[in-house]
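Below is run_10.pdb, which holds PDB, C-alpha atoms and all ligand atoms.
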```
MODEL        1
ATOM      1  CA  MET A 120     102.906 117.513 105.934  1.00  0.00           C
ATOM      2  CA  LYS A 121     102.106 113.791 105.827  1.00  0.00           C
ATOM      3  CA  ARG A 122      98.930 112.555 107.449  1.00  0.00           C
ATOM      4  CA  ILE A 123      99.209 109.383 109.523  1.00  0.00           C
ATOM      5  CA  VAL A 124      96.296 107.260 110.755  1.00  0.00           C
ATOM      6  CA  ILE A 125      97.106 104.620 113.363  1.00  0.00           C
ATOM      7  CA  LEU A 126      94.905 101.555 113.890  1.00  0.00           C
ATOM      8  CA  ILE A 127      94.857  99.899 117.315  1.00  0.00           C
ATOM      9  CA  SER A 128      92.877  97.280 119.209  1.00  0.00           C
ATOM     10  CA  GLY A 129      94.178  97.605 122.768  1.00  0.00           C
ATOM     11  CA  ARG A 130      96.829  99.195 124.927  1.00  0.00           C
ATOM     12  CA  GLY A 131      98.268 101.424 122.212  1.00  0.00           C
ATOM     13  CA  SER A 132     101.816 101.719 123.535  1.00  0.00           C
ATOM     14  CA  ASN A 133     103.274 101.529 120.013  1.00  0.00           C
ATOM     15  CA  MET A 134     100.840 104.204 118.869  1.00  0.00           C
ATOM     16  CA  LEU A 135     102.082 106.439 121.698  1.00  0.00           C
ATOM     17  CA  ALA A 136     105.712 105.762 120.781  1.00  0.00           C
ATOM     18  CA  ILE A 137     104.974 107.021 117.259  1.00  0.00           C
ATOM     19  CA  ALA A 138     102.937 110.016 118.438  1.00  0.00           C
ATOM     20  CA  ASP A 139     105.598 111.043 120.948  1.00  0.00           C
ATOM     21  CA  ALA A 140     108.462 110.702 118.447  1.00  0.00           C
ATOM     22  CA  CYS A 141     106.481 112.646 115.841  1.00  0.00           C
ATOM     23  CA  ARG A 142     106.069 115.542 118.250  1.00  0.00           C
ATOM     24  CA  ALA A 143     109.509 115.416 119.900  1.00  0.00           C
ATOM     25  CA  GLU A 144     111.388 115.146 116.589  1.00  0.00           C
ATOM     26  CA  ARG A 145     109.113 117.571 114.743  1.00  0.00           C
ATOM     27  CA  TRP A 146     108.376 115.208 111.876  1.00  0.00           C
ATOM     28  CA  GLU A 147     106.887 116.633 108.702  1.00  0.00           C
ATOM     29  CA  ALA A 148     103.769 114.723 109.721  1.00  0.00           C
ATOM     30  CA  GLU A 149     100.783 114.664 112.023  1.00  0.00           C
ATOM     31  CA  ILE A 150      98.839 111.856 113.630  1.00  0.00           C
ATOM     32  CA  SER A 151      95.483 112.641 112.045  1.00  0.00           C
ATOM     33  CA  ALA A 152      93.566 109.997 113.950  1.00  0.00           C
ATOM     34  CA  VAL A 153      93.705 106.848 116.021  1.00  0.00           C
ATOM     35  CA  ILE A 154      91.068 104.294 115.042  1.00  0.00           C
ATOM     36  CA  SER A 155      90.264 101.340 117.281  1.00  0.00           C
ATOM     37  CA  SER A 156      88.445  98.124 116.459  1.00  0.00           C
ATOM     38  CA  ARG A 157      87.394  97.903 120.121  1.00  0.00           C
ATOM     39  CA  PRO A 158      85.520 100.541 122.122  1.00  0.00           C
ATOM     40  CA  ASP A 159      87.370  99.592 125.330  1.00  0.00           C
ATOM     41  CA  ALA A 160      90.898  99.959 123.921  1.00  0.00           C
ATOM     42  CA  ALA A 161      93.048 101.752 126.499  1.00  0.00           C
ATOM     43  CA  GLY A 162      94.938 103.479 123.700  1.00  0.00           C
ATOM     44  CA  LEU A 163      91.858 105.581 122.880  1.00  0.00           C
ATOM     45  CA  ASP A 164      92.176 107.488 126.159  1.00  0.00           C
ATOM     46  CA  SER A 165      95.912 108.015 125.830  1.00  0.00           C
ATOM     47  CA  ALA A 166      95.459 109.338 122.285  1.00  0.00           C
ATOM     48  CA  ALA A 167      92.677 111.677 123.402  1.00  0.00           C
ATOM     49  CA  VAL A 168      94.876 113.012 126.217  1.00  0.00           C
ATOM     50  CA  ARG A 169      97.383 114.012 123.535  1.00  0.00           C
ATOM     51  CA  GLY A 170      94.667 115.760 121.561  1.00  0.00           C
ATOM     52  CA  ILE A 171      94.611 113.161 118.780  1.00  0.00           C
ATOM     53  CA  PRO A 172      91.158 112.552 117.255  1.00  0.00           C
ATOM     54  CA  THR A 173      89.866 109.058 118.002  1.00  0.00           C
ATOM     55  CA  VAL A 174      87.296 106.878 116.253  1.00  0.00           C
ATOM     56  CA  VAL A 175      85.896 103.466 117.144  1.00  0.00           C
ATOM     57  CA  VAL A 176      84.877 101.055 114.403  1.00  0.00           C
ATOM     58  CA  ASP A 177      83.618  98.190 116.549  1.00  0.00           C
ATOM     59  CA  HIS A 178      84.114  94.895 114.760  1.00  0.00           C
ATOM     60  CA  ARG A 179      81.268  93.338 116.764  1.00  0.00           C
ATOM     61  CA  GLN A 180      78.818  95.787 115.223  1.00  0.00           C
ATOM     62  CA  HIS A 181      79.438  94.421 111.738  1.00  0.00           C
ATOM     63  CA  ALA A 182      78.031  91.223 110.285  1.00  0.00           C
ATOM     64  CA  ASP A 183      81.199  90.059 108.545  1.00  0.00           C
ATOM     65  CA  ARG A 184      84.718  91.063 107.561  1.00  0.00           C
ATOM     66  CA  THR A 185      83.550  92.745 104.368  1.00  0.00           C
ATOM     67  CA  ALA A 186      81.109  94.993 106.236  1.00  0.00           C
ATOM     68  CA  PHE A 187      83.680  95.784 108.918  1.00  0.00           C
ATOM     69  CA  ASP A 188      86.388  96.587 106.386  1.00  0.00           C
ATOM     70  CA  ALA A 189      83.999  98.873 104.462  1.00  0.00           C
ATOM     71  CA  ALA A 190      83.180 100.815 107.646  1.00  0.00           C
ATOM     72  CA  LEU A 191      86.852 100.928 108.581  1.00  0.00           C
ATOM     73  CA  ALA A 192      87.849 102.229 105.131  1.00  0.00           C
ATOM     74  CA  ALA A 193      85.174 104.937 105.330  1.00  0.00           C
ATOM     75  CA  ALA A 194      86.510 106.068 108.721  1.00  0.00           C
ATOM     76  CA  ILE A 195      90.110 106.007 107.485  1.00  0.00           C
ATOM     77  CA  ASP A 196      89.375 107.829 104.238  1.00  0.00           C
ATOM     78  CA  SER A 197      87.624 110.652 106.087  1.00  0.00           C
ATOM     79  CA  PHE A 198      91.120 111.599 107.326  1.00  0.00           C
ATOM     80  CA  ALA A 199      92.737 111.264 103.869  1.00  0.00           C
ATOM     81  CA  PRO A 200      95.898 109.650 105.250  1.00  0.00           C
ATOM     82  CA  ASP A 201      99.186 109.294 103.397  1.00  0.00           C
ATOM     83  CA  LEU A 202     100.200 106.510 105.734  1.00  0.00           C
ATOM     84  CA  LEU A 203      98.356 103.848 107.740  1.00  0.00           C
ATOM     85  CA  VAL A 204     100.077 102.139 110.659  1.00  0.00           C
ATOM     86  CA  LEU A 205      98.696  98.955 112.214  1.00  0.00           C
ATOM     87  CA  ALA A 206     100.029  99.162 115.774  1.00  0.00           C
ATOM     88  CA  GLY A 207      98.587  96.267 117.744  1.00  0.00           C
ATOM     89  CA  PHE A 208      95.597  96.029 115.399  1.00  0.00           C
ATOM     90  CA  MET A 209      94.186  92.542 115.893  1.00  0.00           C
ATOM     91  CA  ARG A 210      91.851  92.070 112.933  1.00  0.00           C
ATOM     92  CA  ILE A 211      92.452  90.092 109.750  1.00  0.00           C
ATOM     93  CA  LEU A 212      91.847  92.353 106.758  1.00  0.00           C
ATOM     94  CA  THR A 213      90.196  91.448 103.450  1.00  0.00           C
ATOM     95  CA  THR A 214      92.154  91.571 100.206  1.00  0.00           C
ATOM     96  CA  PRO A 215      90.164  94.538  98.762  1.00  0.00           C
ATOM     97  CA  PHE A 216      90.926  96.532 101.920  1.00  0.00           C
ATOM     98  CA  VAL A 217      94.627  95.696 101.775  1.00  0.00           C
ATOM     99  CA  SER A 218      94.776  96.537  98.060  1.00  0.00           C
ATOM    100  CA  ARG A 219      93.155  99.920  98.672  1.00  0.00           C
ATOM    101  CA  TYR A 220      96.093 100.955 100.888  1.00  0.00           C
ATOM    102  CA  ALA A 221      98.855  99.047  99.104  1.00  0.00           C
ATOM    103  CA  GLY A 222     102.272 100.599  99.613  1.00  0.00           C
ATOM    104  CA  ARG A 223     101.103 102.945 102.367  1.00  0.00           C
ATOM    105  CA  MET A 224     100.023 100.511 105.090  1.00  0.00           C
ATOM    106  CA  VAL A 225     102.522  98.975 107.512  1.00  0.00           C
ATOM    107  CA  ASN A 226     102.199  96.590 110.439  1.00  0.00           C
ATOM    108  CA  VAL A 227     104.311  95.746 113.466  1.00  0.00           C
ATOM    109  CA  HIS A 228     104.329  92.047 114.275  1.00  0.00           C
ATOM    110  CA  PRO A 229     105.898  90.584 117.444  1.00  0.00           C
ATOM    111  CA  SER A 230     108.197  88.015 115.843  1.00  0.00           C
ATOM    112  CA  LEU A 231     111.126  87.804 113.481  1.00  0.00           C
ATOM    113  CA  LEU A 232     109.103  87.159 110.333  1.00  0.00           C
ATOM    114  CA  PRO A 233     108.743  84.903 108.428  1.00  0.00           C
ATOM    115  CA  ALA A 234     108.887  82.880 111.665  1.00  0.00           C
ATOM    116  CA  PHE A 235     105.765  82.810 113.813  1.00  0.00           C
ATOM    117  CA  THR A 236     103.075  84.537 111.817  1.00  0.00           C
ATOM    118  CA  GLY A 237      99.722  84.783 113.602  1.00  0.00           C
ATOM    119  CA  LEU A 238      99.073  84.686 117.337  1.00  0.00           C
ATOM    120  CA  HIS A 239     100.962  83.624 120.500  1.00  0.00           C
ATOM    121  CA  THR A 240     104.327  84.412 118.946  1.00  0.00           C
ATOM    122  CA  HIS A 241     106.249  84.664 122.227  1.00  0.00           C
ATOM    123  CA  ARG A 242     104.929  81.396 123.635  1.00  0.00           C
ATOM    124  CA  ARG A 243     105.734  79.629 120.363  1.00  0.00           C
ATOM    125  CA  ALA A 244     109.259  81.095 120.259  1.00  0.00           C
ATOM    126  CA  ILE A 245     109.940  79.881 123.819  1.00  0.00           C
ATOM    127  CA  GLU A 246     108.469  76.449 123.094  1.00  0.00           C
ATOM    128  CA  ALA A 247     110.614  76.156 119.965  1.00  0.00           C
ATOM    129  CA  GLY A 248     113.747  76.828 122.023  1.00  0.00           C
ATOM    130  CA  CYS A 249     114.569  80.040 120.148  1.00  0.00           C
ATOM    131  CA  LYS A 250     117.591  81.881 121.528  1.00  0.00           C
ATOM    132  CA  LEU A 251     116.588  85.122 119.819  1.00  0.00           C
ATOM    133  CA  ALA A 252     113.206  86.724 119.329  1.00  0.00           C
ATOM    134  CA  GLY A 253     112.037  90.099 118.157  1.00  0.00           C
ATOM    135  CA  ALA A 254     109.630  92.080 116.060  1.00  0.00           C
ATOM    136  CA  THR A 255     109.171  93.082 112.441  1.00  0.00           C
ATOM    137  CA  VAL A 256     107.758  96.140 110.672  1.00  0.00           C
ATOM    138  CA  HIS A 257     106.527  95.250 107.193  1.00  0.00           C
ATOM    139  CA  PHE A 258     104.327  96.507 104.404  1.00  0.00           C
ATOM    140  CA  VAL A 259     100.925  94.864 104.571  1.00  0.00           C
ATOM    141  CA  THR A 260     100.022  92.498 101.737  1.00  0.00           C
ATOM    142  CA  PRO A 261      96.996  90.209 101.519  1.00  0.00           C
ATOM    143  CA  GLU A 262      98.783  87.221 103.067  1.00  0.00           C
ATOM    144  CA  LEU A 263      98.687  87.544 106.877  1.00  0.00           C
ATOM    145  CA  ASP A 264     101.954  88.796 108.424  1.00  0.00           C
ATOM    146  CA  HIS A 265     103.818  88.675 105.141  1.00  0.00           C
ATOM    147  CA  GLY A 266     104.896  91.567 102.955  1.00  0.00           C
ATOM    148  CA  PRO A 267     108.196  93.335 102.343  1.00  0.00           C
ATOM    149  CA  ILE A 268     110.193  93.732 105.550  1.00  0.00           C
ATOM    150  CA  ILE A 269     111.064  97.316 106.501  1.00  0.00           C
ATOM    151  CA  ALA A 270     112.845  96.728 109.823  1.00  0.00           C
ATOM    152  CA  GLN A 271     113.511  94.046 112.391  1.00  0.00           C
ATOM    153  CA  ALA A 272     114.477  94.247 116.062  1.00  0.00           C
ATOM    154  CA  VAL A 273     116.211  91.393 117.858  1.00  0.00           C
ATOM    155  CA  VAL A 274     116.196  90.591 121.578  1.00  0.00           C
ATOM    156  CA  PRO A 275     117.555  87.591 123.488  1.00  0.00           C
ATOM    157  CA  VAL A 276     115.344  84.842 124.847  1.00  0.00           C
ATOM    158  CA  LEU A 277     116.674  84.323 128.368  1.00  0.00           C
ATOM    159  CA  PRO A 278     116.547  81.183 130.511  1.00  0.00           C
ATOM    160  CA  GLY A 279     113.472  81.415 132.702  1.00  0.00           C
ATOM    161  CA  ASP A 280     111.601  83.648 130.277  1.00  0.00           C
ATOM    162  CA  ASP A 281     107.876  83.202 130.152  1.00  0.00           C
ATOM    163  CA  GLU A 282     105.478  84.654 127.612  1.00  0.00           C
ATOM    164  CA  ALA A 283     105.046  87.873 129.630  1.00  0.00           C
ATOM    165  CA  SER A 284     108.725  88.584 130.224  1.00  0.00           C
ATOM    166  CA  LEU A 285     109.636  87.947 126.588  1.00  0.00           C
ATOM    167  CA  ALA A 286     106.676  90.036 125.365  1.00  0.00           C
ATOM    168  CA  ALA A 287     107.805  92.948 127.540  1.00  0.00           C
ATOM    169  CA  ARG A 288     111.353  92.767 126.155  1.00  0.00           C
ATOM    170  CA  VAL A 289     110.117  92.607 122.582  1.00  0.00           C
ATOM    171  CA  LEU A 290     107.664  95.465 123.173  1.00  0.00           C
ATOM    172  CA  GLN A 291     110.473  97.712 124.359  1.00  0.00           C
ATOM    173  CA  ALA A 292     112.331  96.954 121.131  1.00  0.00           C
ATOM    174  CA  GLU A 293     109.176  97.699 119.126  1.00  0.00           C
ATOM    175  CA  HIS A 294     108.971 101.124 120.772  1.00  0.00           C
ATOM    176  CA  GLU A 295     112.439 101.915 119.474  1.00  0.00           C
ATOM    177  CA  MET A 296     112.041 100.429 115.998  1.00  0.00           C
ATOM    178  CA  LEU A 297     108.517 101.359 114.970  1.00  0.00           C
ATOM    179  CA  PRO A 298     108.895 105.154 115.229  1.00  0.00           C
ATOM    180  CA  ARG A 299     112.147 104.911 113.229  1.00  0.00           C
ATOM    181  CA  ALA A 300     110.431 102.901 110.508  1.00  0.00           C
ATOM    182  CA  VAL A 301     107.446 105.253 110.339  1.00  0.00           C
ATOM    183  CA  ARG A 302     109.761 108.226 110.136  1.00  0.00           C
ATOM    184  CA  TRP A 303     111.554 106.648 107.154  1.00  0.00           C
ATOM    185  CA  LEU A 304     108.186 106.464 105.435  1.00  0.00           C
ATOM    186  CA  VAL A 305     107.375 110.058 106.328  1.00  0.00           C
ATOM    187  CA  ASP A 306     110.732 111.107 104.904  1.00  0.00           C
ATOM    188  CA  ASP A 307     110.340 108.940 101.757  1.00  0.00           C
ATOM    189  CA  ALA A 308     113.625 107.308 102.758  1.00  0.00           C
ATOM    190  CA  LEU A 309     112.708 103.788 101.580  1.00  0.00           C
ATOM    191  CA  HIS A 310     112.412 102.090  98.242  1.00  0.00           C
ATOM    192  CA  VAL A 311     111.485  98.559  97.226  1.00  0.00           C
ATOM    193  CA  ASP A 312     114.048  97.093  94.856  1.00  0.00           C
ATOM    194  CA  GLY A 313     113.398  94.870  91.840  1.00  0.00           C
ATOM    195  CA  ALA A 314     113.501  91.750  94.020  1.00  0.00           C
ATOM    196  CA  GLY A 315     110.880  93.167  96.396  1.00  0.00           C
ATOM    197  CA  ILE A 316     113.417  93.966  99.131  1.00  0.00           C
ATOM    198  CA  VAL A 317     112.928  97.197 101.108  1.00  0.00           C
ATOM    199  CA  ARG A 318     116.104  99.284 101.162  1.00  0.00           C
ATOM    200  CA  HIS A 319     116.897 102.503 103.000  1.00  0.00           C
ATOM    201  CA  ARG A 320     118.020 105.004 100.391  1.00  0.00           C
ATOM    202  CA  SER A 321     120.969 106.184 102.537  1.00  0.00           C
ATOM    203  CA  GLY A 322     121.863 102.737 103.804  1.00  0.00           C
ATOM    204  CA  GLU A 323     120.668 103.352 107.357  1.00  0.00           C
ATOM    205  CA  PRO A 324     120.622 100.030 109.266  1.00  0.00           C
ATOM    206  CA  GLN A 325     117.211  98.382 109.155  1.00  0.00           C
ATOM    207  CA  ALA A 326     118.161  95.961 111.943  1.00  0.00           C
ATOM    208  CA  PHE A 327     117.839  96.946 115.598  1.00  0.00           C
ATOM    209  CA  PHE A 328     119.740  95.095 118.297  1.00  0.00           C
ATOM    210  CA  SER A 329     118.630  95.608 121.876  1.00  0.00           C
ATOM    211  CA  THR A 330     121.337  97.115 124.041  1.00  0.00           C
ATOM    212  CA  GLY A 331     123.081  94.489 126.110  1.00  0.00           C
ATOM    213  CA  LEU A 332     122.270  91.743 123.620  1.00  0.00           C
ATOM    214  CA  SER A 333     125.700  90.141 123.727  1.00  0.00           C
ATOM    215  CA  ALA A 334     125.970  90.598 127.514  1.00  0.00           C
ATOM    216  CA  ALA A 335     122.607  88.919 127.908  1.00  0.00           C
ATOM    217  CA  ALA A 336     123.689  86.101 125.627  1.00  0.00           C
ATOM    218  CA  ALA A 337     126.878  85.650 127.647  1.00  0.00           C
ATOM    219  CA  ASP A 338     124.838  85.536 130.875  1.00  0.00           C
ATOM    220  CA  ALA A 339     122.632  82.903 129.289  1.00  0.00           C
ATOM    221  CA  ALA A 340     125.570  80.706 128.305  1.00  0.00           C
ATOM    222  CA  PRO A 341     126.372  77.838 130.708  1.00  0.00           C
ATOM    223  CA  GLY A 342     129.376  78.326 133.030  1.00  0.00           C
TER     224      GLY A 342
HETATM  225  C1  LIG A 401     102.548  94.605 120.096  1.00  0.00           C
HETATM  226  O1  LIG A 401     103.453  93.714 120.683  1.00  0.00           O
HETATM  227  C2  LIG A 401     102.379  94.289 118.623  1.00  0.00           C
HETATM  228  O2  LIG A 401     103.553  93.833 118.016  1.00  0.00           O
HETATM  229  C3  LIG A 401     101.349  93.199 118.670  1.00  0.00           C
HETATM  230  O3  LIG A 401     100.453  93.577 119.656  1.00  0.00           O
HETATM  231  C4  LIG A 401     101.131  94.376 120.632  1.00  0.00           C
HETATM  232  C5  LIG A 401     100.376  95.668 120.780  1.00  0.00           C
HETATM  233  O4  LIG A 401     100.836  96.411 121.869  1.00  0.00           O
HETATM  234  N1  LIG A 401     100.711  93.078 117.394  1.00  0.00           N
HETATM  235  C6  LIG A 401     100.222  91.925 116.937  1.00  0.00           C
HETATM  236  O5  LIG A 401     100.247  90.889 117.574  1.00  0.00           O
HETATM  237  C7  LIG A 401      99.615  92.014 115.555  1.00  0.00           C
HETATM  238  N2  LIG A 401      99.421  90.720 115.009  1.00  0.00           N
HETATM  239  P1  LIG A 401     100.397  97.952 121.991  1.00  0.00           P
HETATM  240  O6  LIG A 401      98.876  97.987 121.838  1.00  0.00           O
HETATM  241  O7  LIG A 401     100.805  98.343 123.379  1.00  0.00           O
HETATM  242  O8  LIG A 401     101.097  98.710 120.930  1.00  0.00           O
ENDMDL
END
```
Rewrite the structure of this file - the entire thing - as structure tokens.
Ligand code: GAR
Amino acid sequence: MKRIVILISGRGSNMLAIADACRAERWEAEISAVISSRPDAAGLDSAAVRGIPTVVVDHRQHADRTAFDAALAAAIDSFAPDLLVLAGFMRILTTPFVSRYAGRMVNVHPSLLPAFTGLHTHRRAIEAGCKLAGATVHFVTPELDHGPIIAQAVVPVLPGDDEASLAARVLQAEHEMLPRAVRWLVDDALHVDGAGIVRHRSGEPQAFFSTGLSAAAADAAPG
């Protein structure tokens, strides 16, 4: 039975997608805890409703990143997780922290990496005139929003999209992709090849295309 700790900072909808898939599909895993960097994160209540232990490590209560990361690591290690999932966790982590969990910490980022690392990904994709957008699940390495790519989900950018409408479309795709990716890790279904590329051992597709993608693209095409 693998032990999963999920880190959040807000709404926690991706955390719930993982927790619900874990239960519905009877994974060989449990969500041991949800840890939030903010005391007011809505995801804390939804985790508690599901009976998942919750912990707050408030970043504002710590003098600097090193102190915060030390407190966070202590909270995480008390649950002895096999796997750490950053699901809407909005803190930059120090290199010692990342190294401590190397190979067992993954992040979901709302862009098709390596495009649009950092913040405001949807606004930047719209402003750049992107026709496609999406999200990426990757192993966490010290460089922000880099690290071997486990899965990517693609959605169309539609005429008239604003940041909110595109974010909602991408989020829906994240809810499909992230539980799949976490399950692969639970099942030890992934390996990193000699070139640093993450491969599914059975060749399962690591790309997710939102349903209706080509219909949406056709709608978007002029006359
Ligand atoms: C998600 O879209 C996730 O990709 C993004 O925050 C949102 C969290 O939503 N993460 C980042 O921007 C990390 N840099 P949720 O709290 O409802 O899962």
Excluding same-chain residues fewer than 5 positions from stretch 173-181 of chain A, what lies within 8 Å of it counting only C-alpha atoms, as a PyMOL selection string? chain A and resi 152-158+163+166-167+186-187+190-191+194
Can you tell me which residues come within 9 Å of ligand LIG 401 (chain A) when counting only C-alpha atoms and all ligand atoms, ideally as a ChimeraX atom specification? /A:127-136,160-162,205-211,226-230,236-240,254-256,263-264,286-287,289-291,293-294
Using all atoms listed in the file, find the one residue out of A:Arg122, A:Arg299, A:Phe198, A:Pro275 that sits nearest to A:Ala244.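 With all atoms listed in the file as the atom set, the closest residue is A:Pro275.
Between atom CA of A:Leu232 and atom CA of A:Asp201 the interatomic distance comes to 25.2 Å.
Of the listed residues (A:Gly253, A:Met224, A:Arg288, A:Ala193), A:Met224 comes nearest to A:Pro267; the distances count all atoms listed in the file.
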Given 3 Å of margin on each side, can you work out the centre and size in Å (one decimal) of an axis-aligned box holding every listed atom of stretch 189-207 of chain A, as lines of an AutoDock Vina configuration file?
```
center_x = 91.7
center_y = 103.9
center_z = 110.6
size_x = 23.0
size_y = 21.3
size_z = 20.3
```
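Closest approach to A:Glu144 from the set A:Ile123, A:Pro298, A:Val259, A:Gly266 is made by A:Pro298, with distances taken over only C-alpha atoms.
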Separation of atom CA of A:Gly222 and atom CA of A:Pro261, in Å?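 Between these atoms lies a distance of 11.8 Å.
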